[in-house]
$ cat model.tsv   # TSV, C-alpha atoms
chain	number	residue	atom	x	y	z
A	1	MET	CA	162.91	103.05	108.30
A	2	ALA	CA	159.17	102.56	108.25
A	3	GLU	CA	157.06	105.54	109.22
A	4	ASN	CA	155.18	105.19	112.43
A	5	SER	CA	151.64	106.63	112.20
A	6	ILE	CA	150.22	108.40	115.22
A	7	VAL	CA	146.62	109.64	115.42
A	8	LEU	CA	146.07	112.61	117.70
A	9	GLY	CA	142.71	113.14	119.40
A	10	MET	CA	141.09	116.29	120.74
A	11	ALA	CA	143.53	118.49	122.67
A	12	ASP	CA	146.42	116.06	122.18
A	13	LEU	CA	149.89	117.51	121.77
A	14	LEU	CA	152.95	115.55	120.78
A	15	VAL	CA	156.51	115.99	119.54
A	16	VAL	CA	158.40	113.02	118.08
A	17	PRO	CA	161.57	112.36	116.09
A	18	ALA	CA	161.37	111.46	112.38
A	19	PRO	CA	160.38	109.23	110.71
A	20	VAL	CA	156.77	109.66	111.70
A	21	LYS	CA	153.35	110.40	110.28
A	22	LEU	CA	151.11	112.55	112.47
A	23	ILE	CA	147.37	112.34	111.78
A	24	THR	CA	144.25	114.14	112.96
A	25	LEU	CA	140.81	113.00	111.80
A	26	GLY	CA	137.84	115.24	111.08
A	27	LEU	CA	138.88	118.71	112.17
A	28	GLY	CA	135.86	121.02	112.15
A	29	SER	CA	136.35	124.28	113.99
A	30	CYS	CA	139.43	122.77	115.64
A	31	ILE	CA	142.95	123.47	114.41
A	32	GLY	CA	145.69	121.04	113.50
A	33	LEU	CA	148.97	122.82	114.18
A	34	VAL	CA	152.14	121.19	112.85
A	35	VAL	CA	155.66	122.31	113.74
A	36	PHE	CA	158.88	120.79	112.43
A	37	ASP	CA	162.63	121.24	112.19
A	38	THR	CA	164.02	119.49	109.11
A	39	PHE	CA	167.60	119.75	110.40
A	40	ALA	CA	166.96	118.29	113.83
A	41	LYS	CA	164.49	115.87	112.17
A	42	VAL	CA	161.75	116.33	114.68
A	43	ALA	CA	158.04	117.13	114.25
A	44	GLY	CA	155.10	117.93	116.48
A	45	MET	CA	151.36	118.37	116.24
A	46	ALA	CA	148.62	119.83	118.43
A	47	HIS	CA	144.84	119.42	118.04
A	48	ILE	CA	143.63	122.80	119.30
A	49	MET	CA	139.94	123.17	120.23
A	50	LEU	CA	139.53	126.74	121.47
A	51	PRO	CA	141.35	130.06	121.18
A	52	ASP	CA	141.83	131.19	124.73
A	53	SER	CA	142.23	129.45	128.08
A	54	ARG	CA	141.02	132.62	129.87
A	55	GLY	CA	143.09	131.64	132.84
A	56	LEU	CA	141.51	128.20	133.21
A	57	LYS	CA	144.00	125.96	134.95
A	58	GLY	CA	144.14	122.61	136.59
A	59	ALA	CA	143.26	119.38	134.88
A	60	GLU	CA	142.94	121.00	131.44
A	61	LYS	CA	145.16	119.64	128.69
A	62	VAL	CA	147.61	122.25	127.35
A	63	GLY	CA	146.80	121.25	123.77
A	64	LYS	CA	143.21	122.37	124.17
A	65	PHE	CA	143.73	126.13	123.80
A	66	ALA	CA	145.75	128.06	121.21
A	67	ASP	CA	147.33	130.28	123.85
A	68	THR	CA	148.64	127.32	125.83
A	69	ALA	CA	149.25	124.83	123.01
A	70	VAL	CA	151.64	126.96	120.95
A	71	PRO	CA	154.17	127.64	123.74
A	72	ALA	CA	153.95	124.04	125.00
A	73	LEU	CA	154.55	122.66	121.52
A	74	ILE	CA	157.55	124.93	120.90
A	75	GLU	CA	159.04	124.12	124.30
A	76	GLU	CA	158.68	120.41	123.57
A	77	MET	CA	160.37	120.92	120.18
A	78	LEU	CA	163.33	122.68	121.80
A	79	LYS	CA	163.67	119.86	124.31
A	80	LYS	CA	163.86	117.38	121.45
A	81	GLY	CA	166.71	119.22	119.72
A	82	ALA	CA	164.97	121.79	117.51
A	83	THR	CA	166.17	125.39	117.45
A	84	ARG	CA	163.69	128.21	117.30
A	85	PRO	CA	164.82	129.92	114.04
A	86	ARG	CA	164.64	126.61	112.19
A	87	ILE	CA	161.15	125.68	113.38
A	88	ARG	CA	158.46	126.00	110.71
A	89	ALA	CA	154.70	125.78	111.28
A	90	LYS	CA	151.71	124.74	109.17
A	91	ILE	CA	148.07	124.91	110.15
A	92	ALA	CA	144.78	123.49	108.89
A	93	GLY	CA	141.20	123.61	110.17
A	94	GLY	CA	139.15	126.39	111.74
A	95	ALA	CA	136.03	125.82	109.65
A	96	GLN	CA	132.58	127.11	110.52
A	97	MET	CA	130.44	123.99	110.21
A	98	PHE	CA	127.05	125.69	110.56
A	99	SER	CA	125.78	129.08	109.45
A	100	LEU	CA	122.56	130.23	111.04
A	101	PRO	CA	121.31	133.44	109.42
A	102	GLY	CA	120.39	135.95	112.09
A	103	ALA	CA	121.52	133.89	115.06
A	104	SER	CA	124.37	135.13	117.14
A	105	ALA	CA	126.27	132.62	119.19
A	106	GLU	CA	129.92	132.97	120.01
A	107	PHE	CA	130.73	129.32	119.48
A	108	LEU	CA	129.60	129.31	115.84
A	109	THR	CA	132.60	131.40	114.81
A	110	VAL	CA	135.10	129.71	117.09
A	111	GLY	CA	136.98	128.31	114.07
A	112	ALA	CA	138.03	131.75	112.83
A	113	LYS	CA	139.05	132.73	116.36
A	114	ASN	CA	141.15	129.58	116.65
A	115	VAL	CA	142.97	130.46	113.43
A	116	ARG	CA	143.56	134.05	114.48
A	117	GLU	CA	144.80	133.21	117.96
A	118	THR	CA	147.12	130.45	116.72
A	119	LYS	CA	148.68	132.78	114.13
A	120	ILE	CA	149.15	135.57	116.67
A	121	LYS	CA	150.77	133.21	119.14
A	122	LEU	CA	153.16	131.79	116.52
A	123	GLN	CA	154.12	135.28	115.43
A	124	LYS	CA	154.76	136.38	119.02
A	125	MET	CA	157.07	133.41	119.48
A	126	GLY	CA	158.92	134.16	116.25
A	127	ILE	CA	157.85	130.95	114.53
A	128	ALA	CA	157.47	131.11	110.73
A	129	LEU	CA	154.07	129.97	109.47
A	130	VAL	CA	154.83	128.53	106.03
A	131	ALA	CA	151.48	127.04	104.99
A	132	ALA	CA	147.83	127.25	105.98
A	133	ASP	CA	144.54	125.76	104.81
A	134	THR	CA	141.90	127.27	107.08
A	135	GLY	CA	138.34	128.53	107.24
A	136	GLY	CA	135.49	127.56	104.95
A	137	ASN	CA	132.64	125.31	106.02
A	138	LYS	CA	134.06	121.81	105.52
A	139	GLY	CA	135.85	119.45	107.87
A	140	ARG	CA	139.42	118.33	107.23
A	141	THR	CA	141.47	115.22	107.90
A	142	ILE	CA	145.20	115.92	108.00
A	143	GLU	CA	148.39	113.88	107.77
A	144	PHE	CA	151.87	115.25	108.21
A	145	SER	CA	154.73	113.10	107.01
A	146	THR	CA	158.39	113.67	107.84
A	147	SER	CA	159.30	111.86	104.60
A	148	ASN	CA	158.61	115.08	102.66
A	149	TRP	CA	157.57	117.49	105.47
A	150	LEU	CA	154.26	118.02	103.69
A	151	LEU	CA	150.83	118.31	105.26
A	152	LYS	CA	148.20	116.37	103.37
A	153	VAL	CA	144.71	117.87	103.77
A	154	LYS	CA	141.63	115.84	102.83
A	155	THR	CA	138.36	117.75	102.52
A	156	LEU	CA	134.99	116.15	101.75
A	157	GLY	CA	133.98	116.98	98.19
A	158	LYS	CA	137.25	118.80	97.47
A	159	GLY	CA	139.73	115.95	97.45
A	160	VAL	CA	143.28	116.01	98.73
A	161	SER	CA	145.85	118.79	98.68
A	162	GLU	CA	149.40	118.93	100.01
A	163	ILE	CA	150.71	122.08	101.63
B	1	MET	CA	128.15	133.61	131.41
B	2	GLY	CA	127.97	134.31	135.14
B	3	LYS	CA	128.35	131.67	137.79
B	4	LEU	CA	128.54	128.24	136.39
B	5	ILE	CA	127.20	125.02	137.69
B	6	ASP	CA	129.56	122.11	137.70
B	7	ILE	CA	128.11	119.72	135.14
B	8	SER	CA	130.55	116.94	135.98
B	9	SER	CA	129.16	116.77	139.52
B	10	PHE	CA	125.53	116.14	138.47
B	11	ASP	CA	124.00	113.20	140.29
B	12	ASP	CA	121.44	110.71	139.02
B	13	LYS	CA	118.56	112.80	140.32
B	14	CYS	CA	119.62	115.76	138.16
B	15	LEU	CA	120.27	113.56	135.16
B	16	ASP	CA	116.89	111.85	135.51
B	17	ALA	CA	115.14	115.20	135.66
B	18	ILE	CA	116.91	116.34	132.52
B	19	ARG	CA	116.07	113.07	130.82
B	20	GLU	CA	112.42	113.60	131.63
B	21	VAL	CA	112.57	116.90	129.79
B	22	GLY	CA	114.17	115.07	126.88
B	23	ASN	CA	111.38	112.53	127.01
B	24	ILE	CA	108.69	115.17	126.68
B	25	GLY	CA	110.58	116.84	123.84
B	26	THR	CA	111.08	113.57	122.02
B	27	GLY	CA	107.43	112.59	122.28
B	28	ASN	CA	106.37	115.84	120.65
B	29	ALA	CA	109.11	115.60	118.01
B	30	ALA	CA	108.00	112.06	117.10
B	31	THR	CA	104.38	113.17	116.78
B	32	ALA	CA	105.33	116.05	114.49
B	33	LEU	CA	107.56	113.87	112.32
B	34	SER	CA	104.81	111.29	112.09
B	35	GLU	CA	102.36	113.95	110.86
B	36	LEU	CA	104.88	115.24	108.33
B	37	LEU	CA	105.71	111.82	106.90
B	38	LYS	CA	102.34	110.15	107.54
B	39	ARG	CA	104.14	107.21	109.04
B	40	MET	CA	104.56	105.64	112.42
B	41	ILE	CA	107.63	106.72	114.35
B	42	GLU	CA	109.47	104.61	116.86
B	43	MET	CA	111.30	106.44	119.60
B	44	ASP	CA	113.79	105.44	122.25
B	45	VAL	CA	113.89	106.58	125.82
B	46	PRO	CA	116.36	109.48	125.77
B	47	GLN	CA	119.71	109.12	127.46
B	48	THR	CA	121.23	111.92	129.46
B	49	GLU	CA	124.94	111.55	129.13
B	50	LEU	CA	127.97	113.18	130.64
B	51	VAL	CA	130.71	112.78	128.07
B	52	SER	CA	134.31	113.95	128.10
B	53	ILE	CA	134.67	116.70	125.50
B	54	TYR	CA	137.77	114.86	124.27
B	55	ASP	CA	135.79	111.72	123.38
B	56	ILE	CA	132.57	113.09	121.91
B	57	ALA	CA	133.04	111.97	118.31
B	58	SER	CA	134.15	108.43	119.15
B	59	HIS	CA	131.33	108.24	121.69
B	60	TYR	CA	128.84	108.40	118.80
B	61	GLY	CA	130.66	106.20	116.31
B	62	ASP	CA	133.45	106.33	113.77
B	63	PRO	CA	134.74	109.94	113.81
B	64	THR	CA	135.25	109.93	110.04
B	65	GLN	CA	131.81	108.59	109.06
B	66	ILE	CA	129.85	111.01	106.90
B	67	VAL	CA	126.69	112.40	108.46
B	68	GLY	CA	123.97	114.86	107.54
B	69	ALA	CA	123.13	117.29	110.32
B	70	VAL	CA	120.62	120.04	110.97
B	71	PHE	CA	121.52	122.51	113.68
B	72	VAL	CA	119.41	125.14	115.44
B	73	ARG	CA	119.94	127.57	118.31
B	74	SER	CA	117.21	128.45	120.71
B	75	SER	CA	117.43	131.58	122.78
B	76	GLY	CA	115.12	132.73	125.52
B	77	GLY	CA	114.38	131.10	128.86
B	78	PHE	CA	115.79	127.71	128.03
B	79	GLY	CA	118.81	128.50	125.86
B	80	CYS	CA	120.19	125.53	124.02
B	81	SER	CA	121.53	124.11	120.79
B	82	LEU	CA	119.94	121.16	119.05
B	83	ILE	CA	121.26	118.84	116.38
B	84	PHE	CA	119.31	116.37	114.28
B	85	ILE	CA	121.96	114.01	112.96
B	86	GLN	CA	121.81	111.02	110.63
B	87	ASN	CA	124.17	108.79	108.71
B	88	GLU	CA	124.45	110.30	105.24
B	89	ASP	CA	122.62	107.26	103.79
B	90	ASP	CA	119.76	107.68	106.21
B	91	ALA	CA	119.60	111.40	105.50
B	92	ASP	CA	119.27	110.59	101.77
B	93	LEU	CA	116.49	108.08	102.48
B	94	MET	CA	114.71	110.61	104.66
B	95	VAL	CA	114.83	113.18	101.85
B	96	GLU	CA	113.41	110.64	99.37
B	97	LEU	CA	110.67	109.77	101.83
B	98	LEU	CA	109.65	113.38	102.42
B	99	LEU	CA	109.63	114.24	98.72
B	100	LYS	CA	107.61	111.11	97.94
B	101	GLN	CA	105.15	112.22	100.58
B	102	GLN	CA	104.94	115.72	99.10
B	103	PHE	CA	105.00	114.96	95.35
B	104	GLY	CA	103.51	111.50	95.27
B	105	THR	CA	106.30	110.00	93.17
B	106	HIS	CA	109.55	108.46	94.22
B	107	ILE	CA	112.54	110.46	92.96
B	108	PRO	CA	115.88	108.70	93.49
B	109	ILE	CA	118.33	110.78	95.53
B	110	ASP	CA	120.79	111.10	92.63
B	111	GLU	CA	118.16	112.98	90.63
B	112	ILE	CA	117.38	115.49	93.36
B	113	PRO	CA	119.35	118.75	93.11
B	114	SER	CA	121.50	119.31	96.18
B	115	GLU	CA	119.71	122.54	97.17
B	116	MET	CA	116.43	120.64	97.18
B	117	ARG	CA	117.99	117.85	99.24
B	118	ASP	CA	119.26	120.29	101.80
B	119	SER	CA	116.01	122.15	101.93
B	120	ALA	CA	114.09	118.89	102.49
B	121	LEU	CA	116.54	117.78	105.16
B	122	SER	CA	116.32	121.16	106.78
B	123	GLU	CA	112.52	120.92	106.80
B	124	VAL	CA	112.62	117.55	108.55
B	125	GLY	CA	115.21	118.76	111.05
B	126	ASN	CA	113.37	121.98	111.69
B	127	ILE	CA	110.08	120.24	112.41
B	128	VAL	CA	111.68	117.66	114.67
B	129	LEU	CA	113.77	120.17	116.60
B	130	SER	CA	111.21	122.94	116.93
B	131	SER	CA	108.57	120.48	118.18
B	132	PHE	CA	111.09	119.18	120.67
B	133	LEU	CA	111.73	122.73	121.87
B	134	ASN	CA	108.08	123.75	121.96
B	135	ALA	CA	107.30	120.90	124.33
B	136	ILE	CA	110.17	121.76	126.66
B	137	ASN	CA	109.31	125.44	126.77
B	138	MET	CA	105.65	124.69	127.29
B	139	MET	CA	106.54	122.52	130.23
B	140	LEU	CA	108.88	125.08	131.75
B	141	GLY	CA	106.59	128.00	130.99
B	142	THR	CA	109.36	129.83	129.15
B	143	GLN	CA	109.40	131.85	125.93
B	144	HIS	CA	111.85	131.04	123.19
B	145	GLN	CA	113.02	132.04	119.74
B	146	ILE	CA	114.42	129.44	117.42
B	147	SER	CA	117.01	130.23	114.73
B	148	VAL	CA	116.84	129.40	111.05
B	149	PRO	CA	118.26	125.87	110.73
B	150	GLY	CA	121.78	125.28	109.40
B	151	VAL	CA	122.55	122.15	107.39
B	152	ALA	CA	125.91	120.41	107.00
B	153	HIS	CA	127.19	117.18	105.51
B	154	ASP	CA	130.56	116.17	106.84
B	155	MET	CA	132.60	113.91	109.07
B	156	LEU	CA	130.96	113.15	112.42
B	157	SER	CA	133.98	114.46	114.27
B	158	SER	CA	133.95	117.80	112.40
B	159	ILE	CA	130.23	118.27	113.06
B	160	LEU	CA	130.57	117.48	116.75
B	161	ASP	CA	133.37	120.03	117.20
B	162	VAL	CA	130.49	122.35	117.93
B	163	VAL	CA	129.78	120.41	121.14
B	164	ALA	CA	133.36	120.77	122.27
B	165	SER	CA	133.30	124.49	121.57
B	166	ILE	CA	130.15	124.97	123.67
B	167	TYR	CA	131.30	123.02	126.71
B	168	GLY	CA	135.07	123.27	126.34
B	169	GLN	CA	135.28	126.84	127.53
B	170	MET	CA	134.05	125.98	130.99
B	171	GLY	CA	135.35	122.51	131.59
B	172	GLU	CA	135.98	119.09	130.20
B	173	THR	CA	132.52	117.52	130.38
B	174	ALA	CA	129.58	117.94	128.01
B	175	LEU	CA	126.00	117.19	129.00
B	176	LEU	CA	123.97	115.79	126.14
B	177	VAL	CA	120.49	114.43	125.86
B	178	ASN	CA	120.50	111.90	123.07
B	179	THR	CA	117.55	110.11	121.58
B	180	GLU	CA	116.82	108.12	118.45
B	181	LEU	CA	113.77	108.26	116.19
B	182	ARG	CA	113.08	105.59	113.59
B	183	VAL	CA	110.68	105.59	110.68
B	184	GLU	CA	110.01	102.94	108.09
B	185	GLY	CA	111.65	103.89	104.78
B	186	LEU	CA	110.32	103.53	101.23
B	187	ASP	CA	112.08	100.18	100.98
B	188	GLU	CA	112.20	97.79	103.84
B	189	GLY	CA	114.40	98.90	106.65
B	190	LYS	CA	114.26	101.74	109.07
B	191	ILE	CA	115.57	105.26	108.67
B	192	SER	CA	117.15	106.44	111.86
B	193	GLY	CA	117.88	109.92	113.16
B	194	HIS	CA	119.33	111.18	116.42
B	195	ILE	CA	118.27	114.27	118.29
B	196	ILE	CA	121.04	115.71	120.42
B	197	LEU	CA	120.10	118.43	122.88
B	198	LEU	CA	122.90	120.63	124.22
B	199	PRO	CA	121.50	122.84	126.97
B	200	ASP	CA	123.37	126.04	127.74
B	201	PRO	CA	124.82	125.78	131.25
B	202	ASP	CA	122.60	128.55	132.63
B	203	ALA	CA	119.58	126.83	131.08
B	204	LEU	CA	120.41	123.73	133.11
B	205	GLU	CA	120.32	125.81	136.22
B	206	LEU	CA	116.89	127.15	135.32
B	207	LEU	CA	115.65	123.70	134.47
B	208	LEU	CA	116.73	122.10	137.71
B	209	GLU	CA	115.25	125.00	139.62
B	210	LYS	CA	111.90	124.73	137.82
B	211	LEU	CA	111.79	121.00	138.34
B	212	LYS	CA	112.66	121.60	142.00
B	213	VAL	CA	115.58	119.26	141.88
B	214	VAL	CA	117.99	121.75	143.47
$ encode --input "model.tsv" --output "structure tokens"
Amino acid sequence: MAENSIVLGMADLLVVPAPVKLITLGLGSCIGLVVFDTFAKVAGMAHIMLPDSRGLKGAEKVGKFADTAVPALIEEMLKKGATRPRIRAKIAGGAQMFSLPGASAEFLTVGAKNVRETKIKLQKMGIALVAADTGGNKGRTIEFSTSNWLLKVKTLGKGVSEI
Amino acid sequence: MGKLIDISSFDDKCLDAIREVGNIGTGNAATALSELLKRMIEMDVPQTELVSIYDIASHYGDPTQIVGAVFVRSSGGFGCSLIFIQNEDDADLMVELLLKQQFGTHIPIDEIPSEMRDSALSEVGNIVLSSFLNAINMMLGTQHQISVPGVAHDMLSSILDVVASIYGQMGETALLVNTELRVEGLDEGKISGHIILLPDPDALELLLEKLKVV
């Protein structure tokens, strides 16, 4: 069966059955979180922008914040036939695009906070994080394929790696 | 960040007032760039835009296109972030133009070490952005400190994540003042650069108060 490619935008969150290719373009400080269950043959991705919803509710998309995206993604996986012990996670992103010596601004280090919060949330939910390509100062384009369950990470000037 | 104003509810009167500030900043930035490069600068009327934080990258073009960007933070009365952003090709042409101006000979971009490229780009960005800020602060009667500039070359979408992380924490709308400067390159054809002003939400409050809009 041909793989269907789906591109996720900012704060999007999606779980779909295999075969599928899930793509996110140009992650900077944002995180691409992939979860999958190779037995149930289902995979999901979230494009997380910020670490903490701080109680913000309403029209906000659940995929926007690490603390809301992780539970929503896992719940969606379970609905589509995955079981929690079999779910594996991979993450990429969380770069710091600009360094300004001497300037302090919370948003400049948001990438590292996104990584930390996503990892903590996965751990709390008992989800195994099996691969990560995070931090640094370069953007990443990612593609997750259910044909080999690998996450392809393209970084400007560094080429392509598969994790 | 104390009480927040609701950016998404700004009416045309507010947006026009903010655009006027952008206009004054842009005029000064164009003058400074013109002095630096000894060339005439064309400028557009700035746009004040309310953009969904989910659509910022596609709003400015292809999210994966490679851009060169210079970023500064300004703290003080009118707190804001500023980005001078160009297509990577235009950034290269701008570097060649500045170095030609300074050394008198044309050095092709491939022969310029990357540290020198970044330092030239950072010089252009710094002059454009600090002149922009000086004019705004002069007009508002506020004091400000400007950070050392940061330079990055990457995908548009990765660079503009910074916009989403500034405005995302308090809502789903970003307020940007966007303007384009153009200068004639060494060859025929124009080199273009965009100034994007991202006012801190409490700076917007101050601004509207000073301009007696609210």
$ atom_distance --input "model.tsv" --atom1 "CA of Ala57 (chain B)" --atom2 "CA of Ile159 (chain B)"
8.7 Å
$ residues_around --input "model.tsv" --residues "Gly22 (chain B)" --least-positions-apart "6" --cutoff "9 Å" --atoms "all atoms listed in the file" --output "VMD selection string"
chain B and resid 45 to 48 132 136 177 to 179 197
$ interface_residues --input "model.tsv" --of "chain B" --to "chain A" --cutoff "12 Å" --atoms "all atoms listed in the file" --output "PyMOL selection string"
chain B and resi 1+52-58+62-75+79-83+122+145-173+200
$ atom_distance --input "model.tsv" --atom1 "CA of Ile109 (chain B)" --atom2 "CA of Val95 (chain B)"
7.6 Å
$ atom_distance --input "model.tsv" --atom1 "CA of Ile85 (chain B)" --atom2 "CA of Ile196 (chain B)"
7.7 Å
$ axis_aligned_box --input "model.tsv" --around "region 9-20 of chain B" --padding-each-side "6 Å" --output "lines of an AutoDock Vina configuration file"
center_x = 120.8
center_y = 113.7
center_z = 135.6
size_x = 28.7
size_y = 18.1
size_z = 21.5
$ residues_near_point --input "model.tsv" --point "(116.4, 101.3, 105.4)" --cutoff "12 Å" --atoms "all atoms listed in the file" --output "list of chain:residue names"
B:Asn87, B:Asp89, B:Asp90, B:Ala91, B:Asp92, B:Leu93, B:Met94, B:Glu96, B:Leu97, B:Arg182, B:Val183, B:Glu184, B:Gly185, B:Leu186, B:Asp187, B:Glu188, B:Gly189, B:Lys190, B:Ile191, B:Ser192, B:Gly193
$ closest_residue --input "model.tsv" --among "A:Leu150, A:Leu8, A:Asp37, A:Ile31" --to "Arg116 (chain A)" --atoms "only C-alpha atoms"
A:Ile31
$ residues_around --input "model.tsv" --residues "Met45 (chain A)" --least-positions-apart "3" --cutoff "7 Å" --atoms "all atoms listed in the file" --output "PyMOL selection string"
chain A and resi 13-15+22+32-35
$ residues_around --input "model.tsv" --residues "Asp67 (chain A)" --least-positions-apart "4" --cutoff "12 Å" --atoms "only C-alpha atoms" --output "compact mmCIF listing (two decimals) with C-alpha atoms, keeping the file's coordinate frame"
# COMPACT_ATOMS: atom_id res chain seq x y z
CA ALA A 46 148.62 119.83 118.43
CA ILE A 48 143.63 122.80 119.30
CA MET A 49 139.94 123.17 120.23
CA LEU A 50 139.53 126.74 121.47
CA PRO A 51 141.35 130.06 121.18
CA ASP A 52 141.83 131.19 124.73
CA SER A 53 142.23 129.45 128.08
CA ARG A 54 141.02 132.62 129.87
CA GLY A 55 143.09 131.64 132.84
CA LEU A 56 141.51 128.20 133.21
CA LYS A 61 145.16 119.64 128.69
CA VAL A 62 147.61 122.25 127.35
CA GLY A 63 146.80 121.25 123.77
CA PRO A 71 154.17 127.64 123.74
CA ALA A 72 153.95 124.04 125.00
CA LEU A 73 154.55 122.66 121.52
CA ILE A 74 157.55 124.93 120.90
CA LYS A 113 139.05 132.73 116.36
CA ASN A 114 141.15 129.58 116.65
CA VAL A 115 142.97 130.46 113.43
CA ARG A 116 143.56 134.05 114.48
CA GLU A 117 144.80 133.21 117.96
CA THR A 118 147.12 130.45 116.72
CA LYS A 119 148.68 132.78 114.13
CA ILE A 120 149.15 135.57 116.67
CA LYS A 121 150.77 133.21 119.14
CA LEU A 122 153.16 131.79 116.52
CA GLN A 123 154.12 135.28 115.43
CA LYS A 124 154.76 136.38 119.02
CA MET A 125 157.07 133.41 119.48
$ residues_around --input "model.tsv" --residues "Lys152 (chain A)" --least-positions-apart "3" --cutoff "8 Å" --atoms "all atoms listed in the file" --output "MDAnalysis selection string"
chainID A and resid 142:144 160:163
$ closest_residue --input "model.tsv" --among "B:Asn23, B:Leu176, B:Gln143, B:Leu33" --to "Ile127 (chain B)" --atoms "all atoms listed in the file"
B:Leu33
$ residues_around --input "model.tsv" --residues "Pro19 (chain A)" --least-positions-apart "2" --cutoff "8 Å" --atoms "all atoms listed in the file" --output "PyMOL selection string"
chain A and resi 1-4+17+21+41+145-147
$ decode --input "model.tsv" --residues "region 59-64 of chain B" --atoms "all heavy atoms" --output "PDB file, in the first residue's frame"
ATOM      1  N   HIS B  59       2.687  32.720   6.259  1.00  0.00           N
ATOM      2  CA  HIS B  59       2.283  34.094   5.993  1.00  0.00           C
ATOM      3  C   HIS B  59       3.392  34.869   5.273  1.00  0.00           C
ATOM      4  O   HIS B  59       3.136  35.765   4.486  1.00  0.00           O
ATOM      5  CB  HIS B  59       1.943  34.779   7.324  1.00  0.00           C
ATOM      6  CG  HIS B  59       1.492  36.194   7.190  1.00  0.00           C
ATOM      7  ND1 HIS B  59       0.211  36.521   6.815  1.00  0.00           N
ATOM      8  CD2 HIS B  59       2.147  37.365   7.346  1.00  0.00           C
ATOM      9  CE1 HIS B  59       0.106  37.836   6.763  1.00  0.00           C
ATOM     10  NE2 HIS B  59       1.262  38.374   7.080  1.00  0.00           N
ATOM     11  N   TYR B  60       4.653  34.523   5.564  1.00  0.00           N
ATOM     12  CA  TYR B  60       5.778  35.239   4.964  1.00  0.00           C
ATOM     13  C   TYR B  60       6.406  34.532   3.781  1.00  0.00           C
ATOM     14  O   TYR B  60       7.348  35.041   3.187  1.00  0.00           O
ATOM     15  CB  TYR B  60       6.847  35.521   6.032  1.00  0.00           C
ATOM     16  CG  TYR B  60       6.438  36.655   6.934  1.00  0.00           C
ATOM     17  CD1 TYR B  60       5.971  36.407   8.211  1.00  0.00           C
ATOM     18  CD2 TYR B  60       6.479  37.964   6.475  1.00  0.00           C
ATOM     19  CE1 TYR B  60       5.569  37.446   9.025  1.00  0.00           C
ATOM     20  CE2 TYR B  60       6.074  39.001   7.281  1.00  0.00           C
ATOM     21  CZ  TYR B  60       5.616  38.748   8.551  1.00  0.00           C
ATOM     22  OH  TYR B  60       5.207  39.776   9.349  1.00  0.00           O
ATOM     23  N   GLY B  61       5.930  33.359   3.441  1.00  0.00           N
ATOM     24  CA  GLY B  61       6.484  32.670   2.273  1.00  0.00           C
ATOM     25  C   GLY B  61       6.573  31.173   2.503  1.00  0.00           C
ATOM     26  O   GLY B  61       5.868  30.627   3.340  1.00  0.00           O
ATOM     27  N   ASP B  62       7.464  30.537   1.745  1.00  0.00           N
ATOM     28  CA  ASP B  62       7.649  29.101   1.857  1.00  0.00           C
ATOM     29  C   ASP B  62       8.368  28.810   3.182  1.00  0.00           C
ATOM     30  O   ASP B  62       9.486  29.294   3.394  1.00  0.00           O
ATOM     31  CB  ASP B  62       8.493  28.632   0.664  1.00  0.00           C
ATOM     32  CG  ASP B  62       8.940  27.179   0.810  1.00  0.00           C
ATOM     33  OD1 ASP B  62       8.549  26.508   1.779  1.00  0.00           O
ATOM     34  OD2 ASP B  62       9.701  26.727  -0.064  1.00  0.00           O
ATOM     35  N   PRO B  63       7.743  28.035   4.080  1.00  0.00           N
ATOM     36  CA  PRO B  63       8.339  27.806   5.400  1.00  0.00           C
ATOM     37  C   PRO B  63       9.748  27.209   5.349  1.00  0.00           C
ATOM     38  O   PRO B  63      10.527  27.387   6.274  1.00  0.00           O
ATOM     39  CB  PRO B  63       7.379  26.810   6.068  1.00  0.00           C
ATOM     40  CG  PRO B  63       6.117  26.888   5.305  1.00  0.00           C
ATOM     41  CD  PRO B  63       6.454  27.346   3.911  1.00  0.00           C
ATOM     42  N   THR B  64      10.080  26.513   4.270  1.00  0.00           N
ATOM     43  CA  THR B  64      11.388  25.848   4.216  1.00  0.00           C
ATOM     44  C   THR B  64      12.448  26.680   3.501  1.00  0.00           C
ATOM     45  O   THR B  64      13.589  26.253   3.385  1.00  0.00           O
ATOM     46  CB  THR B  64      11.295  24.474   3.525  1.00  0.00           C
ATOM     47  OG1 THR B  64      10.804  24.676   2.196  1.00  0.00           O
ATOM     48  CG2 THR B  64      10.369  23.551   4.275  1.00  0.00           C
TER      49      THR B  64
END
